[in-house]
$ cat entry12.pdb   # PDB, C-alpha atoms
ATOM      1  CA  ALA A 106     -21.398  33.829  52.133
ATOM      2  CA  HIS A 107     -23.785  32.927  54.964
ATOM      3  CA  ALA A 108     -25.960  30.963  52.560
ATOM      4  CA  LEU A 109     -23.007  28.997  51.304
ATOM      5  CA  ARG A 110     -21.868  28.126  54.814
ATOM      6  CA  GLY A 111     -25.208  27.595  56.495
ATOM      7  CA  HIS A 112     -28.450  25.791  56.088
ATOM      8  CA  GLY A 113     -29.217  27.559  52.813
ATOM      9  CA  ALA A 114     -26.565  25.517  50.932
ATOM     10  CA  PRO A 115     -27.623  22.116  49.582
ATOM     11  CA  ALA A 116     -25.747  19.173  51.059
ATOM     12  CA  ARG A 117     -23.211  17.570  48.734
ATOM     13  CA  THR A 118     -23.466  13.862  48.123
ATOM     14  CA  PRO A 119     -20.056  12.334  48.742
ATOM     15  CA  ALA A 120     -18.579  10.461  45.806
ATOM     16  CA  THR A 121     -18.905   6.706  46.020
ATOM     17  CA  PRO A 122     -15.473   5.190  46.672
ATOM     18  CA  ALA A 123     -14.046   3.195  43.781
ATOM     19  CA  PRO A 124     -13.421  -0.428  44.780
ATOM     20  CA  SER A 125     -10.268  -2.298  43.894
ATOM     21  CA  ALA A 126     -10.393  -3.425  40.269
ATOM     22  CA  ALA A 127      -8.250  -5.440  37.848
ATOM     23  CA  LEU A 128      -7.937  -4.280  34.233
ATOM     24  CA  LYS A 129      -6.270  -6.186  31.379
ATOM     25  CA  VAL A 130      -4.588  -4.127  28.653
ATOM     26  CA  MET A 131      -2.770  -5.362  25.538
ATOM     27  CA  THR A 132      -0.550  -3.385  23.188
ATOM     28  CA  TRP A 133       0.603  -4.617  19.776
ATOM     29  CA  ALA A 134       2.240  -3.108  16.699
ATOM     30  CA  THR A 135       0.527  -5.135  13.973
ATOM     31  CA  CYS A 136       2.819  -4.506  10.973
ATOM     32  CA  ALA A 137      -0.368  -4.219   8.900
ATOM     33  CA  ASP A 138       1.168  -2.075   6.165
ATOM     34  CA  GLY A 139       4.520  -3.845   6.112
ATOM     35  CA  ALA A 140       5.579  -5.590   2.929
ATOM     36  CA  PRO A 141       4.851  -9.333   3.114
ATOM     37  CA  PRO A 142       7.865 -11.618   2.666
ATOM     38  CA  PRO A 143       8.616 -12.969  -0.826
ATOM     39  CA  ASP A 144       8.124 -16.519   0.483
ATOM     40  CA  PRO A 145       5.565 -16.577   3.351
ATOM     41  CA  GLY A 146       6.207 -20.294   3.845
ATOM     42  CA  LYS A 147       9.795 -19.808   5.039
ATOM     43  CA  ALA A 148      10.404 -20.509   8.704
ATOM     44  CA  ASP A 149      11.908 -17.058   9.316
ATOM     45  CA  ALA A 150       9.107 -15.118   7.606
ATOM     46  CA  ILE A 151       7.537 -12.185   9.497
ATOM     47  CA  CYS A 152       4.780  -9.684   8.680
ATOM     48  CA  VAL A 153       3.178 -12.440   6.608
ATOM     49  CA  ASN A 154      -0.239 -10.731   6.680
ATOM     50  CA  GLY A 155       1.045  -7.296   5.693
ATOM     51  CA  ARG A 156      -1.176  -5.392   3.224
ATOM     52  CA  GLN A 157      -3.971  -8.024   3.383
ATOM     53  CA  THR A 158      -6.923  -6.508   5.217
ATOM     54  CA  ASP A 159      -8.842  -9.709   5.913
ATOM     55  CA  LYS A 160      -5.814 -11.531   7.318
ATOM     56  CA  VAL A 161      -4.756  -8.522   9.409
ATOM     57  CA  ALA A 162      -8.225  -8.166  10.939
ATOM     58  CA  TYR A 163      -8.567 -11.876  11.712
ATOM     59  CA  GLY A 164      -5.036 -11.897  13.135
ATOM     60  CA  ILE A 165      -5.803  -9.033  15.516
ATOM     61  CA  ARG A 166      -8.998 -10.779  16.648
ATOM     62  CA  TRP A 167      -7.035 -13.986  17.288
ATOM     63  CA  HIS A 168      -4.547 -12.201  19.543
ATOM     64  CA  MET A 169      -7.329 -10.380  21.397
ATOM     65  CA  ARG A 170      -9.228 -13.625  21.988
ATOM     66  CA  ALA A 171      -6.066 -15.280  23.270
ATOM     67  CA  VAL A 172      -6.137 -12.963  26.309
ATOM     68  CA  ALA A 173      -8.924 -14.027  28.651
ATOM     69  CA  GLY A 174     -10.791 -11.047  30.069
ATOM     70  CA  LEU A 175      -9.103  -8.471  27.837
ATOM     71  CA  HIS A 176     -10.690  -5.075  28.358
ATOM     72  CA  VAL A 177      -8.463  -2.583  26.511
ATOM     73  CA  VAL A 178      -6.285  -2.900  23.396
ATOM     74  CA  PHE A 179      -3.742  -0.470  21.940
ATOM     75  CA  LEU A 180      -2.952  -1.104  18.254
ATOM     76  CA  GLN A 181      -0.234   0.524  16.165
ATOM     77  CA  GLU A 182       0.885   0.292  12.520
ATOM     78  CA  LEU A 183      -2.700  -0.294  11.469
ATOM     79  CA  CYS A 184      -4.770   0.629   8.410
ATOM     80  CA  SER A 185      -8.230   2.088   8.885
ATOM     81  CA  ALA A 186      -9.765  -0.579   6.608
ATOM     82  CA  ASP A 187      -8.320  -3.290   8.878
ATOM     83  CA  LEU A 188     -10.130  -1.776  11.844
ATOM     84  CA  ASP A 189     -13.356  -1.361   9.884
ATOM     85  CA  LEU A 190     -13.359  -5.092   9.168
ATOM     86  CA  LEU A 191     -12.265  -6.067  12.685
ATOM     87  CA  GLU A 192     -15.277  -4.279  14.166
ATOM     88  CA  ARG A 193     -17.627  -6.345  11.974
ATOM     89  CA  LEU A 194     -16.166  -9.765  12.782
ATOM     90  CA  ASP A 195     -18.000 -12.301  14.922
ATOM     91  CA  GLY A 196     -17.021 -12.104  18.559
ATOM     92  CA  MET A 197     -16.305  -8.355  18.549
ATOM     93  CA  THR A 198     -19.664  -7.339  20.022
ATOM     94  CA  GLY A 199     -19.223  -4.860  22.855
ATOM     95  CA  TRP A 200     -15.917  -3.486  21.639
ATOM     96  CA  ARG A 201     -15.651   0.228  20.826
ATOM     97  CA  PHE A 202     -12.674   1.524  18.817
ATOM     98  CA  ARG A 203     -11.230   4.846  17.766
ATOM     99  CA  PHE A 204      -8.759   5.106  14.885
ATOM    100  CA  ALA A 205      -6.412   8.069  14.404
ATOM    101  CA  PRO A 206      -4.209   8.576  11.340
ATOM    102  CA  ILE A 207      -0.563   9.556  11.553
ATOM    103  CA  LEU A 208       0.044  12.742   9.571
ATOM    104  CA  ASP A 209       2.996  13.800   7.449
ATOM    105  CA  GLN A 210       3.833  16.169   4.601
ATOM    106  CA  GLY A 211       4.258  13.590   1.885
ATOM    107  CA  SER A 212       7.268  11.707   0.547
ATOM    108  CA  GLY A 213       8.224  13.818  -2.452
ATOM    109  CA  ALA A 214      11.428  15.756  -3.044
ATOM    110  CA  THR A 215      10.145  18.542  -0.780
ATOM    111  CA  PRO A 216       7.431  18.627   1.908
ATOM    112  CA  ASN A 217       3.829  19.340   0.965
ATOM    113  CA  ALA A 218       2.454  22.619   2.243
ATOM    114  CA  GLU A 219      -0.130  20.976   4.518
ATOM    115  CA  PRO A 220       0.206  17.812   6.619
ATOM    116  CA  GLY A 221      -2.245  15.067   5.774
ATOM    117  CA  PRO A 222      -2.998  11.424   6.597
ATOM    118  CA  ARG A 223      -0.817   8.792   4.983
ATOM    119  CA  LEU A 224      -2.500   6.269   2.704
ATOM    120  CA  CYS A 225      -1.798   2.599   3.307
ATOM    121  CA  HIS A 226      -0.651   0.460   0.413
ATOM    122  CA  PRO A 227      -3.703  -0.813  -1.513
ATOM    123  CA  GLN A 228      -4.655  -4.475  -1.771
ATOM    124  CA  ASN A 229      -5.113  -5.501  -5.398
ATOM    125  CA  GLY A 230      -5.903  -1.917  -6.294
ATOM    126  CA  VAL A 231      -8.444  -1.503  -3.477
ATOM    127  CA  SER A 232      -7.809   1.217  -0.893
ATOM    128  CA  ARG A 233      -6.957   0.119   2.639
ATOM    129  CA  GLY A 234      -7.535   3.572   4.060
ATOM    130  CA  TYR A 235      -5.094   5.495   6.219
ATOM    131  CA  PHE A 236      -2.098   4.423   8.302
ATOM    132  CA  GLY A 237      -2.306   5.042  12.031
ATOM    133  CA  ILE A 238      -3.144   3.732  15.481
ATOM    134  CA  ALA A 239      -6.274   2.693  17.372
ATOM    135  CA  VAL A 240      -7.508   2.137  20.901
ATOM    136  CA  GLY A 241     -10.301  -0.300  21.742
ATOM    137  CA  VAL A 242     -12.334  -0.638  24.941
ATOM    138  CA  HIS A 243     -14.798  -3.416  25.752
ATOM    139  CA  GLU A 244     -17.623  -1.167  26.965
ATOM    140  CA  ASN A 245     -19.277   2.099  26.051
ATOM    141  CA  THR A 246     -16.695   4.831  26.316
ATOM    142  CA  SER A 247     -15.609   8.240  25.102
ATOM    143  CA  PHE A 248     -12.418   8.917  23.170
ATOM    144  CA  ASP A 249     -10.055  11.844  22.817
ATOM    145  CA  VAL A 250      -7.598  12.097  19.906
ATOM    146  CA  ARG A 251      -4.551  14.328  20.202
ATOM    147  CA  SER A 252      -1.935  14.878  17.531
ATOM    148  CA  TYR A 253       1.317  15.911  19.142
ATOM    149  CA  PRO A 254       2.012  19.658  18.780
ATOM    150  CA  ASP A 255       4.134  21.259  16.069
ATOM    151  CA  SER A 256       7.012  21.517  18.523
ATOM    152  CA  ASP A 257       7.034  17.690  18.829
ATOM    153  CA  VAL A 258       7.500  17.090  15.086
ATOM    154  CA  PRO A 259      10.976  16.238  13.688
ATOM    155  CA  ARG A 260      11.480  18.759  10.892
ATOM    156  CA  THR A 261      13.125  16.374   8.458
ATOM    157  CA  ARG A 262      12.478  13.251   6.413
ATOM    158  CA  ASP A 263      12.248   9.909   8.227
ATOM    159  CA  ARG A 264      13.928   6.653   7.166
ATOM    160  CA  TRP A 265      10.913   5.723   5.014
ATOM    161  CA  GLY A 266      11.021   9.020   3.119
ATOM    162  CA  HIS A 267       8.103  10.780   4.855
ATOM    163  CA  TRP A 268       8.463  14.449   5.724
ATOM    164  CA  ASN A 269       7.764  15.947   9.159
ATOM    165  CA  VAL A 270       5.803  13.029  10.600
ATOM    166  CA  ARG A 271       3.252  14.004  13.253
ATOM    167  CA  GLN A 272       2.488  11.189  15.694
ATOM    168  CA  VAL A 273      -0.783  10.884  17.585
ATOM    169  CA  ALA A 274      -2.248   9.579  20.860
ATOM    170  CA  VAL A 275      -5.741   8.223  21.523
ATOM    171  CA  CYS A 276      -7.144   8.256  25.068
ATOM    172  CA  ALA A 277     -10.335   6.660  26.338
ATOM    173  CA  THR A 278     -12.260   6.560  29.574
ATOM    174  CA  VAL A 279     -13.165   3.179  31.036
ATOM    175  CA  PRO A 280     -16.206   3.966  33.220
ATOM    176  CA  THR A 281     -16.452   0.591  34.965
ATOM    177  CA  TYR A 282     -12.892   1.000  36.242
ATOM    178  CA  ARG A 283     -12.885   4.807  36.527
ATOM    179  CA  ALA A 284      -9.685   4.703  34.512
ATOM    180  CA  LYS A 285      -8.127   6.641  31.656
ATOM    181  CA  VAL A 286      -6.129   4.724  29.054
ATOM    182  CA  CYS A 287      -3.909   6.291  26.382
ATOM    183  CA  GLY A 288      -2.301   4.455  23.466
ATOM    184  CA  THR A 289       0.269   5.933  21.129
ATOM    185  CA  GLN A 290       3.190   5.365  18.790
ATOM    186  CA  LEU A 291       6.178   7.646  19.222
ATOM    187  CA  THR A 292       8.702   8.877  16.657
ATOM    188  CA  PRO A 293      11.224   6.083  15.941
ATOM    189  CA  LEU A 294      14.780   6.790  17.071
ATOM    190  CA  LEU A 295      16.714   4.024  15.315
ATOM    191  CA  GLY A 296      17.846   4.155  11.713
ATOM    192  CA  GLN A 297      16.772   7.736  11.049
ATOM    193  CA  ASP A 298      18.329  10.445   8.888
ATOM    194  CA  PRO A 299      22.033  10.670   9.868
ATOM    195  CA  ALA A 300      22.021  14.289   8.720
ATOM    196  CA  ALA A 301      19.581  15.198  11.492
ATOM    197  CA  PRO A 302      20.282  12.801  14.372
ATOM    198  CA  ASP A 303      18.991  15.123  17.089
ATOM    199  CA  ALA A 304      15.653  15.923  15.442
ATOM    200  CA  PHE A 305      14.080  12.558  16.266
ATOM    201  CA  TRP A 306      15.527  12.429  19.789
ATOM    202  CA  LYS A 307      14.172  15.880  20.608
ATOM    203  CA  ALA A 308      10.806  15.047  19.051
ATOM    204  CA  GLN A 309      10.352  11.880  21.105
ATOM    205  CA  THR A 310      11.469  13.632  24.290
ATOM    206  CA  ALA A 311       8.800  16.294  23.738
ATOM    207  CA  GLN A 312       6.142  13.692  22.843
ATOM    208  CA  VAL A 313       6.750  11.830  26.124
ATOM    209  CA  LYS A 314       6.202  15.000  28.139
ATOM    210  CA  ASP A 315       3.035  15.812  26.197
ATOM    211  CA  LEU A 316       1.741  12.252  26.645
ATOM    212  CA  ILE A 317       2.141  12.446  30.427
ATOM    213  CA  LYS A 318       0.454  15.850  30.515
ATOM    214  CA  ASN A 319      -2.477  14.588  28.456
ATOM    215  CA  ALA A 320      -2.892  11.285  30.326
ATOM    216  CA  GLY A 321      -2.382  12.722  33.787
ATOM    217  CA  SER A 322      -0.047  11.621  36.550
ATOM    218  CA  GLN A 323      -2.658  10.923  39.244
ATOM    219  CA  GLY A 324      -5.349   8.317  39.635
ATOM    220  CA  ARG A 325      -6.102   5.296  37.470
ATOM    221  CA  VAL A 326      -4.103   5.735  34.286
ATOM    222  CA  VAL A 327      -2.615   3.267  31.780
ATOM    223  CA  VAL A 328      -0.274   4.658  29.102
ATOM    224  CA  GLY A 329       1.623   2.789  26.422
ATOM    225  CA  GLY A 330       2.110   1.479  22.943
ATOM    226  CA  ASP A 331       4.977   1.157  20.503
ATOM    227  CA  LEU A 332       7.284   3.810  21.953
ATOM    228  CA  ASN A 333      10.108   3.098  19.494
ATOM    229  CA  SER A 334      12.826   3.526  22.105
ATOM    230  CA  ILE A 335      15.073   1.052  23.932
ATOM    231  CA  ALA A 336      14.432   0.742  27.674
ATOM    232  CA  PRO A 337      16.774   3.114  29.556
ATOM    233  CA  ASP A 338      18.830   0.503  31.433
ATOM    234  CA  ALA A 339      18.775  -2.217  28.778
ATOM    235  CA  ASN A 340      21.780  -3.047  26.633
ATOM    236  CA  GLY A 341      21.940  -0.176  24.139
ATOM    237  CA  GLY A 342      19.675   2.036  26.228
ATOM    238  CA  ALA A 343      20.535   5.636  27.071
ATOM    239  CA  GLY A 344      20.223   5.481  30.862
ATOM    240  CA  ASP A 345      19.032   8.716  32.432
ATOM    241  CA  ARG A 346      19.320  10.460  29.036
ATOM    242  CA  SER A 347      16.578   8.267  27.593
ATOM    243  CA  PRO A 348      13.450  10.101  26.430
ATOM    244  CA  LEU A 349      11.429   7.493  28.367
ATOM    245  CA  VAL A 350      12.799   8.475  31.792
ATOM    246  CA  PRO A 351       9.891  10.851  32.618
ATOM    247  CA  LEU A 352       7.484   7.943  32.074
ATOM    248  CA  TYR A 353       9.435   5.779  34.516
ATOM    249  CA  ARG A 354       9.505   8.621  37.047
ATOM    250  CA  THR A 355       5.746   9.170  36.791
ATOM    251  CA  TYR A 356       4.530   5.564  36.515
ATOM    252  CA  GLN A 357       5.822   2.004  36.726
ATOM    253  CA  GLU A 358       6.256  -0.067  33.560
ATOM    254  CA  CYS A 359       4.595  -3.468  33.646
ATOM    255  CA  ASP A 360       7.764  -5.462  32.956
ATOM    256  CA  GLN A 361       9.531  -3.838  35.902
ATOM    257  CA  SER A 362       7.565  -6.307  38.020
ATOM    258  CA  VAL A 363       9.630  -9.065  36.380
ATOM    259  CA  GLN A 364      12.921  -7.145  36.367
ATOM    260  CA  GLY A 365      13.078  -6.350  40.087
ATOM    261  CA  GLY A 366      12.207  -2.719  39.400
ATOM    262  CA  ALA A 367      14.990  -2.139  36.848
ATOM    263  CA  ARG A 368      14.195   0.003  33.798
ATOM    264  CA  THR A 369      14.728  -2.900  31.425
ATOM    265  CA  GLY A 370      12.425  -5.521  29.974
ATOM    266  CA  ARG A 371      12.041  -8.523  27.743
ATOM    267  CA  GLY A 372      12.561  -7.865  24.052
ATOM    268  CA  THR A 373       9.427  -7.157  22.021
ATOM    269  CA  TYR A 374      11.093  -6.586  18.627
ATOM    270  CA  GLN A 375      11.542  -9.763  16.555
ATOM    271  CA  HIS A 376      14.275 -10.512  14.093
ATOM    272  CA  ALA A 377      13.330 -12.528  11.023
ATOM    273  CA  ASP A 378      14.382 -15.813  12.656
ATOM    274  CA  GLY A 379      12.204 -15.161  15.714
ATOM    275  CA  THR A 380      15.018 -14.148  18.060
ATOM    276  CA  ARG A 381      14.373 -11.031  20.114
ATOM    277  CA  GLY A 382      15.909  -7.632  19.873
ATOM    278  CA  ALA A 383      15.152  -4.589  22.028
ATOM    279  CA  LYS A 384      12.107  -3.783  24.093
ATOM    280  CA  LEU A 385      10.089  -1.225  22.097
ATOM    281  CA  ASP A 386       6.577  -1.809  23.481
ATOM    282  CA  TYR A 387       5.516  -0.565  26.908
ATOM    283  CA  LEU A 388       2.573  -0.364  29.309
ATOM    284  CA  PHE A 389       2.907   2.146  32.145
ATOM    285  CA  VAL A 390       0.571   2.017  35.160
ATOM    286  CA  PRO A 391       0.231   3.920  38.465
ATOM    287  CA  ARG A 392       2.900   3.367  41.082
ATOM    288  CA  ASP A 393       0.315   2.362  43.689
ATOM    289  CA  ALA A 394      -1.159  -0.364  41.469
ATOM    290  CA  SER A 395      -0.033  -3.970  41.385
ATOM    291  CA  VAL A 396       0.726  -5.310  37.941
ATOM    292  CA  SER A 397       1.725  -8.502  36.173
ATOM    293  CA  CYS A 398       3.200  -8.489  32.685
ATOM    294  CA  ALA A 399       3.075 -11.060  29.885
ATOM    295  CA  VAL A 400       5.281 -10.847  26.792
ATOM    296  CA  SER A 401       4.655 -13.441  24.112
ATOM    297  CA  SER A 402       7.518 -15.935  23.848
ATOM    298  CA  GLN A 403       6.313 -17.253  20.490
ATOM    299  CA  HIS A 404       7.546 -16.320  17.030
ATOM    300  CA  VAL A 405       4.662 -14.067  15.981
ATOM    301  CA  LYS A 406       5.007 -14.190  12.221
ATOM    302  CA  THR A 407       2.265 -11.663  11.537
ATOM    303  CA  SER A 408       4.442  -8.811  12.837
ATOM    304  CA  ASP A 409       8.012  -7.878  13.684
ATOM    305  CA  GLN A 410       6.840  -7.037  17.226
ATOM    306  CA  VAL A 411       5.014  -9.153  19.788
ATOM    307  CA  PRO A 412       2.056  -8.322  22.037
ATOM    308  CA  VAL A 413       2.515  -7.189  25.630
ATOM    309  CA  VAL A 414      -0.300  -7.689  28.173
ATOM    310  CA  ALA A 415      -0.550  -6.007  31.570
ATOM    311  CA  THR A 416      -2.998  -7.052  34.278
ATOM    312  CA  VAL A 417      -3.336  -3.959  36.455
ATOM    313  CA  THR A 418      -5.001  -4.061  39.869
ATOM    314  CA  PHE A 419      -5.932  -0.583  41.029
ATOM    315  CA  PRO A 420      -6.287  -0.109  44.798
ATOM    316  CA  ALA A 421      -9.589   1.077  46.236
ATOM    317  CA  SER A 422      -9.829   4.850  46.188
TER     318      SER A 422
END
$ encode --input "entry12.pdb" --output "structure tokens"
Amino acid sequence: AHALRGHGAPARTPATPAPSAALKVMTWATCADGAPPPDPGKADAICVNGRQTDKVAYGIRWHMRAVAGLHVVFLQELCSADLDLLERLDGMTGWRFRFAPILDQGSGATPNAEPGPRLCHPQNGVSRGYFGIAVGVHENTSFDVRSYPDSDVPRTRDRWGHWNVRQVAVCATVPTYRAKVCGTQLTPLLGQDPAAPDAFWKAQTAQVKDLIKNAGSQGRVVVGGDLNSIAPDANGGAGDRSPLVPLYRTYQECDQSVQGGARTGRGTYQHADGTRGAKLDYLFVPRDASVSCAVSSQHVKTSDQVPVVATVTFPAS
């Protein structure tokens, strides 16, 4: 004990304070495996690049390049082959990505015994890999992939016929900013099996709690993605019963800066004619950070959802 207290203990070097820093993060559900419209030339067409790896990859790069100084990207509804190509395109030097497949137990009459990754629809008979999400960071980084636990899985078939879908989150460290960023896609709530209406609600509620636990509630954290839930105070939202409420209690959502602090936000879902529906895409940041939020106002025909970009300024710490 004397050695630890006295001159026998080596002096500790105090940690260097982290200066204030601004980080740009984009989230986008790409609709990469969605069926393309029968007539891509129609004015109300959406998901026009669906199931075409080259067009999906070039489309993602276009949206990333459109954001000056972008440092982090969260991508959902993506095929692993799309990401493989994206990484090889000109202009993507310095970006590091991690893909994670969404798991389920098949789409047959009964569930398969073991969950496995879902295959994307092929392109002209050529595999496009697995369906899932990805996180990208524009610097060397380390990633952590976490499938949500068994308790967070809705034990029923979803609206697309897939059994017991297990969602996933990907987190990354951003050393330059001393930040942790976590992208995800949560279990959809709308249009699910009417025979099991509570299964999806309970699953998403549990996923939100697990996401916060995994990301952390202190320090420099950015959490978000396609959360598949209407903002609590928006028209059609569930108020304090919303599964997203713990996220709003722990962090601030970037579009709150535009809404005077209300738990609402500009619509990110697109109808076929380009008009907006509910807010489904979110970026949550620390309460002590300042943040600005950009939601594309254009008709983004390559998806049925539009990108959201947060510019987060972390205070010195």
$ resolve_selection --input "entry12.pdb" --expression "the PyMOL selection byres ((chain A and resi 418) around 10)" --output "list in words"
Ser125, Ala126, Ala127, Leu128, Lys129, Arg325, Val390, Pro391, Asp393, Ala394, Ser395, Val396, Ser397, Ala415, Thr416, Val417, Phe419, Pro420 and Ala421 of chain A
$ closest_residue --input "entry12.pdb" --among "A:Leu183, A:Ala123, A:Val273, A:Ala171" --to "Cys136 of chain A" --atoms "all atoms listed in the file"
A:Leu183
$ residues_near_point --input "entry12.pdb" --point "(-15.9, 2.1, 42.2)" --cutoff "8 Å" --atoms "all atoms listed in the file" --output "list in words"
Thr121, Pro122, Ala123, Pro124, Ser125, Thr281, Tyr282, Arg283, Ala421 and Ser422 of chain A
$ closest_residue --input "entry12.pdb" --among "A:Asp249, A:Asp255, A:Asp209, A:Asp378" --to "Gly237 of chain A" --atoms "only C-alpha atoms"
A:Asp209
$ residues_around --input "entry12.pdb" --residues "Arg260 of chain A" --least-positions-apart "3" --cutoff "8 Å" --atoms "all atoms listed in the file" --output "number ranges by chain"
A: 268-269, 304
